[in-house]
>>> print(open('work_35.cif').read())   # mmCIF, C-alpha atoms
data_model
loop_
_atom_site.group_PDB
_atom_site.id
_atom_site.type_symbol
_atom_site.label_atom_id
_atom_site.label_comp_id
_atom_site.auth_asym_id
_atom_site.auth_seq_id
_atom_site.Cartn_x
_atom_site.Cartn_y
_atom_site.Cartn_z
ATOM 1 C CA MET D 98 38.293 84.146 -25.863
ATOM 2 C CA GLN D 99 38.236 87.892 -25.352
ATOM 3 C CA ILE D 100 41.597 89.516 -26.114
ATOM 4 C CA THR D 101 42.315 93.159 -25.279
ATOM 5 C CA VAL D 102 45.361 94.766 -26.947
ATOM 6 C CA SER D 103 46.532 98.135 -25.660
ATOM 7 C CA GLY D 104 49.625 100.293 -25.706
ATOM 8 C CA LYS D 105 51.268 102.599 -23.178
ATOM 9 C CA GLN D 106 52.690 105.580 -25.019
ATOM 10 C CA VAL D 107 52.789 103.434 -28.183
ATOM 11 C CA ASP D 108 50.567 103.567 -31.244
ATOM 12 C CA LEU D 109 49.617 100.044 -32.332
ATOM 13 C CA SER D 110 49.042 99.190 -35.969
ATOM 14 C CA ASP D 111 46.022 97.191 -37.075
ATOM 15 C CA ALA D 112 48.338 94.480 -38.414
ATOM 16 C CA LEU D 113 49.975 94.045 -34.977
ATOM 17 C CA GLN D 114 46.612 93.902 -33.223
ATOM 18 C CA THR D 115 45.298 91.301 -35.692
ATOM 19 C CA ARG D 116 48.487 89.203 -35.370
ATOM 20 C CA VAL D 117 48.368 89.320 -31.560
ATOM 21 C CA THR D 118 44.710 88.282 -31.525
ATOM 22 C CA THR D 119 45.086 85.348 -33.922
ATOM 23 C CA GLU D 120 48.359 83.979 -32.531
ATOM 24 C CA LEU D 121 47.400 84.268 -28.863
ATOM 25 C CA ASP D 122 44.030 82.676 -29.549
ATOM 26 C CA GLY D 123 45.814 79.809 -31.343
ATOM 27 C CA VAL D 124 48.261 79.261 -28.469
ATOM 28 C CA ALA D 125 45.485 79.278 -25.881
ATOM 29 C CA ARG D 126 43.312 76.858 -27.882
ATOM 30 C CA LYS D 127 46.246 74.492 -28.487
ATOM 31 C CA TYR D 128 47.067 73.977 -24.819
ATOM 32 C CA PHE D 129 43.961 75.115 -22.955
ATOM 33 C CA GLY D 130 40.718 75.251 -24.914
ATOM 34 C CA ARG D 131 38.643 77.017 -22.267
ATOM 35 C CA ALA D 132 40.679 80.229 -21.850
ATOM 36 C CA LEU D 133 38.491 83.171 -20.853
ATOM 37 C CA GLU D 134 40.338 86.387 -21.554
ATOM 38 C CA ALA D 135 43.738 87.937 -22.183
ATOM 39 C CA HIS D 136 45.172 91.419 -21.801
ATOM 40 C CA VAL D 137 48.168 92.295 -23.968
ATOM 41 C CA THR D 138 49.958 95.544 -23.182
ATOM 42 C CA PHE D 139 52.759 97.018 -25.268
ATOM 43 C CA GLY D 140 55.075 99.677 -23.881
ATOM 44 C CA ARG D 141 58.217 101.550 -24.731
ATOM 45 C CA ALA D 142 61.222 101.663 -22.386
ATOM 46 C CA ARG D 143 64.390 103.466 -23.462
ATOM 47 C CA SER D 144 65.359 101.885 -26.764
ATOM 48 C CA PHE D 145 63.215 98.721 -26.701
ATOM 49 C CA PHE D 146 59.591 97.592 -26.711
ATOM 50 C CA THR D 147 57.994 95.566 -23.917
ATOM 51 C CA CYS D 148 55.044 93.222 -24.153
ATOM 52 C CA ASP D 149 53.113 91.944 -21.133
ATOM 53 C CA ILE D 150 50.486 89.228 -21.549
ATOM 54 C CA ASN D 151 48.083 88.417 -18.724
ATOM 55 C CA LEU D 152 46.017 85.345 -19.604
ATOM 56 C CA HIS D 153 43.061 84.317 -17.466
ATOM 57 C CA ALA D 154 42.775 80.680 -18.519
ATOM 58 C CA GLY D 155 40.199 79.430 -16.041
ATOM 59 C CA ARG D 156 38.932 79.536 -12.491
ATOM 60 C CA GLY D 157 41.960 80.334 -10.346
ATOM 61 C CA LEU D 158 44.431 80.044 -13.234
ATOM 62 C CA THR D 159 46.130 83.239 -14.390
ATOM 63 C CA MET D 160 49.397 83.238 -16.333
ATOM 64 C CA ARG D 161 51.736 86.063 -17.204
ATOM 65 C CA GLY D 162 54.352 86.338 -19.938
ATOM 66 C CA GLU D 163 56.758 89.154 -20.721
ATOM 67 C CA GLY D 164 58.992 89.982 -23.634
ATOM 68 C CA LYS D 165 61.469 92.721 -24.528
ATOM 69 C CA SER D 166 62.936 93.454 -27.928
ATOM 70 C CA GLY D 167 63.889 96.125 -30.397
ATOM 71 C CA ASP D 168 60.497 95.914 -32.139
ATOM 72 C CA ALA D 169 56.955 95.175 -30.946
ATOM 73 C CA HIS D 170 56.490 91.996 -33.040
ATOM 74 C CA THR D 171 59.566 90.279 -31.569
ATOM 75 C CA ALA D 172 58.612 91.386 -28.049
ATOM 76 C CA PHE D 173 55.195 89.781 -28.553
ATOM 77 C CA ASP D 174 56.830 86.576 -29.851
ATOM 78 C CA ALA D 175 58.944 86.311 -26.679
ATOM 79 C CA ALA D 176 55.956 86.960 -24.398
ATOM 80 C CA SER D 177 53.713 84.484 -26.237
ATOM 81 C CA GLU D 178 56.465 81.844 -25.997
ATOM 82 C CA HIS D 179 56.501 82.330 -22.205
ATOM 83 C CA ILE D 180 52.737 81.857 -22.109
ATOM 84 C CA ALA D 181 52.925 78.791 -24.380
ATOM 85 C CA LYS D 182 55.630 77.251 -22.190
ATOM 86 C CA ARG D 183 53.593 77.792 -19.020
ATOM 87 C CA LEU D 184 50.422 76.419 -20.600
ATOM 88 C CA ARG D 185 52.351 73.396 -21.876
ATOM 89 C CA ARG D 186 53.710 72.690 -18.369
ATOM 90 C CA TYR D 187 50.293 73.124 -16.802
ATOM 91 C CA ARG D 188 48.711 70.819 -19.379
ATOM 92 C CA ARG D 189 51.402 68.170 -18.755
ATOM 93 C CA ARG D 190 50.773 68.292 -15.004
ATOM 94 C CA VAL D 191 47.026 67.929 -15.500
ATOM 95 C CA ASN D 192 47.538 64.950 -17.829
ATOM 96 C CA GLU D 193 50.009 63.255 -15.457
ATOM 97 C CA HIS D 194 47.573 63.698 -12.593
ATOM 98 C CA ALA D 195 44.758 62.174 -14.673
ATOM 99 C CA ARG D 196 46.987 59.219 -15.655
ATOM 100 C CA ASP D 197 47.931 58.647 -12.006
ATOM 101 C CA LEU D 198 44.268 58.575 -11.042
ATOM 102 C CA ALA D 199 43.469 56.150 -13.871
ATOM 103 C CA ASN D 200 46.330 53.807 -12.932
ATOM 104 C CA ARG D 201 45.538 53.837 -9.240
ATOM 105 C CA GLU D 202 44.138 50.495 -8.157
ATOM 106 C CA ARG D 203 40.443 50.596 -7.530
ATOM 107 C CA GLY D 204 38.793 48.686 -4.740
ATOM 108 C CA GLU D 205 36.479 45.767 -5.362
ATOM 109 C CA ALA D 206 32.746 46.393 -5.097
ATOM 110 C CA ALA D 207 31.016 44.669 -2.208
ATOM 111 C CA ARG D 208 27.796 44.876 -0.154
ATOM 112 C CA GLN D 209 27.651 45.248 3.603
ATOM 113 C CA TYR D 210 24.616 43.802 5.390
ATOM 114 C CA VAL D 211 23.343 44.411 8.894
ATOM 115 C CA LEU D 212 21.562 41.340 10.266
ATOM 116 C CA SER D 213 19.314 41.001 13.287
ATOM 117 C CA ASP D 214 20.000 38.428 15.971
ATOM 118 C CA GLU D 215 18.203 35.063 16.014
ATOM 119 C CA ALA D 216 15.530 36.050 18.571
ATOM 120 C CA GLU D 217 14.424 39.057 16.498
ATOM 121 C CA ALA D 218 14.487 37.018 13.279
ATOM 122 C CA ASN D 219 12.044 34.456 14.670
ATOM 123 C CA ALA D 220 9.600 37.229 15.598
ATOM 124 C CA GLY D 221 10.112 39.216 12.355
ATOM 125 C CA SER D 222 8.579 38.835 8.954
ATOM 126 C CA LYS D 223 11.344 38.785 6.301
ATOM 127 C CA VAL D 224 13.743 35.910 6.948
ATOM 128 C CA ASP D 225 16.949 35.022 5.066
ATOM 129 C CA GLU D 226 18.043 31.473 5.926
ATOM 130 C CA GLY D 227 21.312 31.513 3.971
ATOM 131 C CA ALA D 228 22.707 34.764 5.362
ATOM 132 C CA ALA D 229 24.219 33.553 8.628
ATOM 133 C CA GLY D 230 23.531 29.821 8.563
ATOM 134 C CA ALA D 231 20.713 30.270 11.067
ATOM 135 C CA LEU D 232 17.590 32.358 10.734
ATOM 136 C CA ALA D 233 18.517 36.018 10.316
ATOM 137 C CA ARG D 234 16.730 39.094 9.064
ATOM 138 C CA VAL D 235 18.419 41.741 6.881
ATOM 139 C CA ILE D 236 17.938 45.131 8.546
ATOM 140 C CA ALA D 237 20.119 47.274 6.291
ATOM 141 C CA GLU D 238 22.414 46.974 3.315
ATOM 142 C CA HIS D 239 25.144 49.377 2.217
ATOM 143 C CA PRO D 240 27.575 49.487 -0.683
ATOM 144 C CA ALA D 241 31.146 48.823 0.425
ATOM 145 C CA GLU D 242 34.571 48.682 -1.141
ATOM 146 C CA ILE D 243 37.329 46.153 -0.538
ATOM 147 C CA LEU D 244 40.597 48.061 -0.869
ATOM 148 C CA ARG D 245 44.127 46.808 -1.698
ATOM 149 C CA LEU D 246 46.119 47.810 1.383
ATOM 150 C CA THR D 247 49.094 46.901 3.524
ATOM 151 C CA LEU D 248 48.440 45.903 7.130
ATOM 152 C CA ASP D 249 49.459 49.350 8.427
ATOM 153 C CA GLU D 250 47.153 51.082 5.945
ATOM 154 C CA ALA D 251 44.288 48.767 6.906
ATOM 155 C CA LEU D 252 44.734 49.579 10.599
ATOM 156 C CA MET D 253 44.814 53.285 9.765
ATOM 157 C CA HIS D 254 41.576 52.978 7.709
ATOM 158 C CA MET D 255 39.897 51.033 10.490
ATOM 159 C CA ASP D 256 40.830 53.724 13.051
ATOM 160 C CA LEU D 257 39.892 56.647 10.797
ATOM 161 C CA GLU D 258 36.512 55.140 9.915
ATOM 162 C CA ASP D 259 35.980 54.032 13.545
ATOM 163 C CA GLN D 260 34.966 50.542 12.409
ATOM 164 C CA PRO D 261 35.251 47.407 14.567
ATOM 165 C CA VAL D 262 36.259 45.263 11.559
ATOM 166 C CA LEU D 263 37.756 45.821 8.114
ATOM 167 C CA MET D 264 38.115 43.366 5.239
ATOM 168 C CA PHE D 265 40.835 44.176 2.707
ATOM 169 C CA ARG D 266 42.927 42.557 -0.004
ATOM 170 C CA HIS D 267 46.581 42.449 1.058
ATOM 171 C CA ARG D 268 48.706 44.459 -1.362
ATOM 172 C CA ASP D 269 51.646 41.995 -1.349
ATOM 173 C CA SER D 270 49.904 38.601 -1.364
ATOM 174 C CA GLY D 271 46.626 39.590 -3.062
ATOM 175 C CA LYS D 272 44.642 37.499 -0.550
ATOM 176 C CA MET D 273 41.654 38.609 1.477
ATOM 177 C CA ASN D 274 42.546 39.642 5.049
ATOM 178 C CA VAL D 275 40.518 40.858 8.003
ATOM 179 C CA VAL D 276 41.549 43.103 10.876
ATOM 180 C CA TYR D 277 39.226 43.546 13.826
ATOM 181 C CA ARG D 278 39.107 45.086 17.289
ATOM 182 C CA ARG D 279 38.912 42.413 19.974
ATOM 183 C CA VAL D 280 36.824 42.660 23.132
ATOM 184 C CA ASP D 281 39.945 43.239 25.259
ATOM 185 C CA GLY D 282 40.885 46.276 23.080
ATOM 186 C CA THR D 283 43.696 44.654 21.104
ATOM 187 C CA ILE D 284 43.680 44.196 17.329
ATOM 188 C CA GLY D 285 43.129 40.829 15.649
ATOM 189 C CA TRP D 286 44.341 39.956 12.160
ATOM 190 C CA ILE D 287 43.058 37.086 10.048
ATOM 191 C CA ASP D 288 45.553 36.178 7.299
ATOM 192 C CA PRO D 289 44.896 33.064 5.175
ATOM 193 C CA GLU D 290 47.709 30.532 4.865
ATOM 194 C CA SER D 291 50.022 30.806 1.872
#
>>> encode(input="work_35.cif", output="structure tokens")
Amino acid sequence: MQITVSGKQVDLSDALQTRVTTELDGVARKYFGRALEAHVTFGRARSFFTCDINLHAGRGLTMRGEGKSGDAHTAFDAASEHIAKRLRRYRRRVNEHARDLANRERGEAARQYVLSDEAEANAGSKVDEGAAGALARVIAEHPAEILRLTLDEALMHMDLEDQPVLMFRHRDSGKMNVVYRRVDGTIGWIDPES
């Protein structure tokens, strides 16, 4: 990480610059290993020192910490604690989001087949006798996912995907269900008996 230490109307000692570089690098590595750059600016206002830290931690992530104190070292400590606190919060949010994604129920893997009608199958070459009970030819096959949904969610998915039929596992019962659009425009629901 590139760290720039500067002072406004303040002369900075080598010891302060070395301390700022090592401590800020340690804080950034502890909570966010891919930090890019930081700008630390010391200033003097009336009878106290100020320290502003601008940390560019990643794409679209910039954090700022400020500290005021009677000496420059304590002002830096306050500013670096602000940065550490913000990085800690950000890291916690990222971890919680990752845990939520990991705990979210995944759908079951399935295959979706498009079959020709019986007249085309008799004239065609590749025939699958077990696919539909009668002679049928597989025209296309696609990966599909059987989701765990409530009935309302299943209807929403069916409308959003503009599908005539949707197979899903009911979230409450755990059984396979089917919703489909009937010829008269209404919705049909196949729910196995308990």
>>> atom_distance(input="work_35.cif", atom1="CA of Ser166 in chain D", atom2="CA of Met98 in chain D")
26.4 Å
>>> resolve_selection(input="work_35.cif", expression="the PyMOL selection byres ((chain D and resi 237) around 10)", output="list in words")
Gln209, Tyr210, Val211, Leu212, Ser213, Arg234, Val235, Ile236, Glu238 and His239 of chain D
>>> write_last_selection(input="work_35.cif", atoms="C-alpha atoms", output="PDB file, keeping the file's coordinate frame")
ATOM      1  CA  GLN D 209      27.651  45.248   3.603  1.00  0.00           C
ATOM      2  CA  TYR D 210      24.616  43.802   5.390  1.00  0.00           C
ATOM      3  CA  VAL D 211      23.343  44.411   8.894  1.00  0.00           C
ATOM      4  CA  LEU D 212      21.562  41.340  10.266  1.00  0.00           C
ATOM      5  CA  SER D 213      19.314  41.001  13.287  1.00  0.00           C
ATOM      6  CA  ARG D 234      16.730  39.094   9.064  1.00  0.00           C
ATOM      7  CA  VAL D 235      18.419  41.741   6.881  1.00  0.00           C
ATOM      8  CA  ILE D 236      17.938  45.131   8.546  1.00  0.00           C
ATOM      9  CA  GLU D 238      22.414  46.974   3.315  1.00  0.00           C
ATOM     10  CA  HIS D 239      25.144  49.377   2.217  1.00  0.00           C
TER      11      HIS D 239
END
>>> resolve_selection(input="work_35.cif", expression="the PyMOL selection byres ((chain D and resi 165) around 10)", output="PyMOL selection string")
chain D and resi 139-142+145-149+163-164+166-176
>>> resolve_selection(input="work_35.cif", expression="the PyMOL selection byres ((chain D and resi 108) around 12)", output="list in words")
Val102, Ser103, Gly104, Lys105, Gln106, Val107, Leu109, Ser110, Asp111, Ala112, Leu113, Gln114, Thr138, Phe139, Gly140, Arg141, Phe146 and Ala169 of chain D
>>> residues_around(input="work_35.cif", residues="Val275 in chain D", least_positions_apart="5", cutoff="8 Å", atoms="all atoms listed in the file", output="list in words")
Val262, Leu263, Met264, Phe265, Trp286, Ile287 and Asp288 of chain D
>>> residues_around(input="work_35.cif", residues="Leu133 in chain D", least_positions_apart="2", cutoff="8 Å", atoms="all atoms listed in the file", output="MDAnalysis selection string")
chainID D and resid 98:99 131 135 152:155
>>> write_last_selection(input="work_35.cif", atoms="C-alpha atoms", output="PDB file, keeping the file's coordinate frame")
ATOM      1  CA  MET D  98      38.293  84.146 -25.863  1.00  0.00           C
ATOM      2  CA  GLN D  99      38.236  87.892 -25.352  1.00  0.00           C
ATOM      3  CA  ARG D 131      38.643  77.017 -22.267  1.00  0.00           C
ATOM      4  CA  ALA D 135      43.738  87.937 -22.183  1.00  0.00           C
ATOM      5  CA  LEU D 152      46.017  85.345 -19.604  1.00  0.00           C
ATOM      6  CA  HIS D 153      43.061  84.317 -17.466  1.00  0.00           C
ATOM      7  CA  ALA D 154      42.775  80.680 -18.519  1.00  0.00           C
ATOM      8  CA  GLY D 155      40.199  79.430 -16.041  1.00  0.00           C
TER       9      GLY D 155
END
>>> closest_residue(input="work_35.cif", among="D:Arg208, D:Arg143, D:Arg185, D:Arg245", to="Lys272 in chain D", atoms="only C-alpha atoms")
D:Arg245
>>> atom_distance(input="work_35.cif", atom1="CA of Ala207 in chain D", atom2="CA of Arg279 in chain D")
23.7 Å
>>> closest_residue(input="work_35.cif", among="D:Ile180, D:Val280, D:Ala206, D:Ala233", to="Gly162 in chain D", atoms="only C-alpha atoms")
D:Ile180
>>> axis_aligned_box(input="work_35.cif", around="range 110-123 of chain D", padding_each_side="3 Å", output="AutoDock Vina command-line options")
--center_x 47.0 --center_y 89.5 --center_z -33.6 --size_x 11.9 --size_y 25.4 --size_z 15.6
>>> closest_residue(input="work_35.cif", among="D:Ile100, D:Thr159, D:Arg116, D:Asp256", to="Glu134 in chain D", atoms="all atoms listed in the file")
D:Ile100
>>> atom_distance(input="work_35.cif", atom1="CA of Gly285 in chain D", atom2="CA of Glu258 in chain D")
16.8 Å
>>> residues_around(input="work_35.cif", residues="Arg188 in chain D", least_positions_apart="2", cutoff="12 Å", atoms="only C-alpha atoms", output="NGL selection string")
:D and (125-130 or 154 or 158 or 181-186 or 190-195)
>>> write_last_selection(input="work_35.cif", atoms="C-alpha atoms", output="PDB file, keeping the file's coordinate frame")
ATOM      1  CA  ALA D 125      45.485  79.278 -25.881  1.00  0.00           C
ATOM      2  CA  ARG D 126      43.312  76.858 -27.882  1.00  0.00           C
ATOM      3  CA  LYS D 127      46.246  74.492 -28.487  1.00  0.00           C
ATOM      4  CA  TYR D 128      47.067  73.977 -24.819  1.00  0.00           C
ATOM      5  CA  PHE D 129      43.961  75.115 -22.955  1.00  0.00           C
ATOM      6  CA  GLY D 130      40.718  75.251 -24.914  1.00  0.00           C
ATOM      7  CA  ALA D 154      42.775  80.680 -18.519  1.00  0.00           C
ATOM      8  CA  LEU D 158      44.431  80.044 -13.234  1.00  0.00           C
ATOM      9  CA  ALA D 181      52.925  78.791 -24.380  1.00  0.00           C
ATOM     10  CA  LYS D 182      55.630  77.251 -22.190  1.00  0.00           C
ATOM     11  CA  ARG D 183      53.593  77.792 -19.020  1.00  0.00           C
ATOM     12  CA  LEU D 184      50.422  76.419 -20.600  1.00  0.00           C
ATOM     13  CA  ARG D 185      52.351  73.396 -21.876  1.00  0.00           C
ATOM     14  CA  ARG D 186      53.710  72.690 -18.369  1.00  0.00           C
ATOM     15  CA  ARG D 190      50.773  68.292 -15.004  1.00  0.00           C
ATOM     16  CA  VAL D 191      47.026  67.929 -15.500  1.00  0.00           C
ATOM     17  CA  ASN D 192      47.538  64.950 -17.829  1.00  0.00           C
ATOM     18  CA  GLU D 193      50.009  63.255 -15.457  1.00  0.00           C
ATOM     19  CA  HIS D 194      47.573  63.698 -12.593  1.00  0.00           C
ATOM     20  CA  ALA D 195      44.758  62.174 -14.673  1.00  0.00           C
TER      21      ALA D 195
END
>>> build_atoms(input="work_35.cif", residues="range 136-148 of chain D", atoms="N, CA, C and O atoms", output="short mmCIF file (atom, residue, chain, number, x, y, z; two decimals), keeping the file's coordinate frame")
data_model
loop_
_atom_site.label_atom_id
_atom_site.label_comp_id
_atom_site.auth_asym_id
_atom_site.auth_seq_id
_atom_site.Cartn_x
_atom_site.Cartn_y
_atom_site.Cartn_z
N HIS D 136 44.85 90.00 -21.67
CA HIS D 136 45.17 91.42 -21.80
C HIS D 136 46.62 91.51 -22.26
O HIS D 136 47.52 91.02 -21.59
N VAL D 137 46.84 92.12 -23.41
CA VAL D 137 48.17 92.30 -23.97
C VAL D 137 48.47 93.79 -23.95
O VAL D 137 47.71 94.59 -24.50
N THR D 138 49.59 94.14 -23.30
CA THR D 138 49.96 95.54 -23.18
C THR D 138 51.36 95.75 -23.74
O THR D 138 52.30 95.08 -23.32
N PHE D 139 51.46 96.65 -24.69
CA PHE D 139 52.76 97.02 -25.27
C PHE D 139 53.21 98.34 -24.65
O PHE D 139 52.40 99.21 -24.37
N GLY D 140 54.52 98.45 -24.44
CA GLY D 140 55.08 99.68 -23.88
C GLY D 140 56.43 99.97 -24.51
O GLY D 140 57.01 99.15 -25.23
N ARG D 141 56.91 101.13 -24.19
CA ARG D 141 58.22 101.55 -24.73
C ARG D 141 59.09 101.93 -23.54
O ARG D 141 58.70 102.75 -22.70
N ALA D 142 60.27 101.34 -23.44
CA ALA D 142 61.22 101.66 -22.39
C ALA D 142 62.59 101.89 -23.03
O ALA D 142 63.12 100.99 -23.68
N ARG D 143 63.11 103.06 -22.85
CA ARG D 143 64.39 103.47 -23.46
C ARG D 143 64.41 103.16 -24.95
O ARG D 143 63.68 103.76 -25.72
N SER D 144 65.22 102.17 -25.32
CA SER D 144 65.36 101.88 -26.76
C SER D 144 64.70 100.58 -27.18
O SER D 144 64.98 100.06 -28.26
N PHE D 145 63.85 99.99 -26.34
CA PHE D 145 63.22 98.72 -26.70
C PHE D 145 61.74 98.73 -26.35
O PHE D 145 61.28 99.55 -25.56
N PHE D 146 61.02 97.77 -26.96
CA PHE D 146 59.59 97.59 -26.71
C PHE D 146 59.40 96.49 -25.66
O PHE D 146 60.17 95.54 -25.62
N THR D 147 58.36 96.61 -24.87
CA THR D 147 57.99 95.57 -23.92
C THR D 147 56.60 95.07 -24.26
O THR D 147 55.77 95.81 -24.78
N CYS D 148 56.37 93.81 -23.95
CA CYS D 148 55.04 93.22 -24.15
C CYS D 148 54.71 92.39 -22.93
O CYS D 148 55.47 91.50 -22.54
#
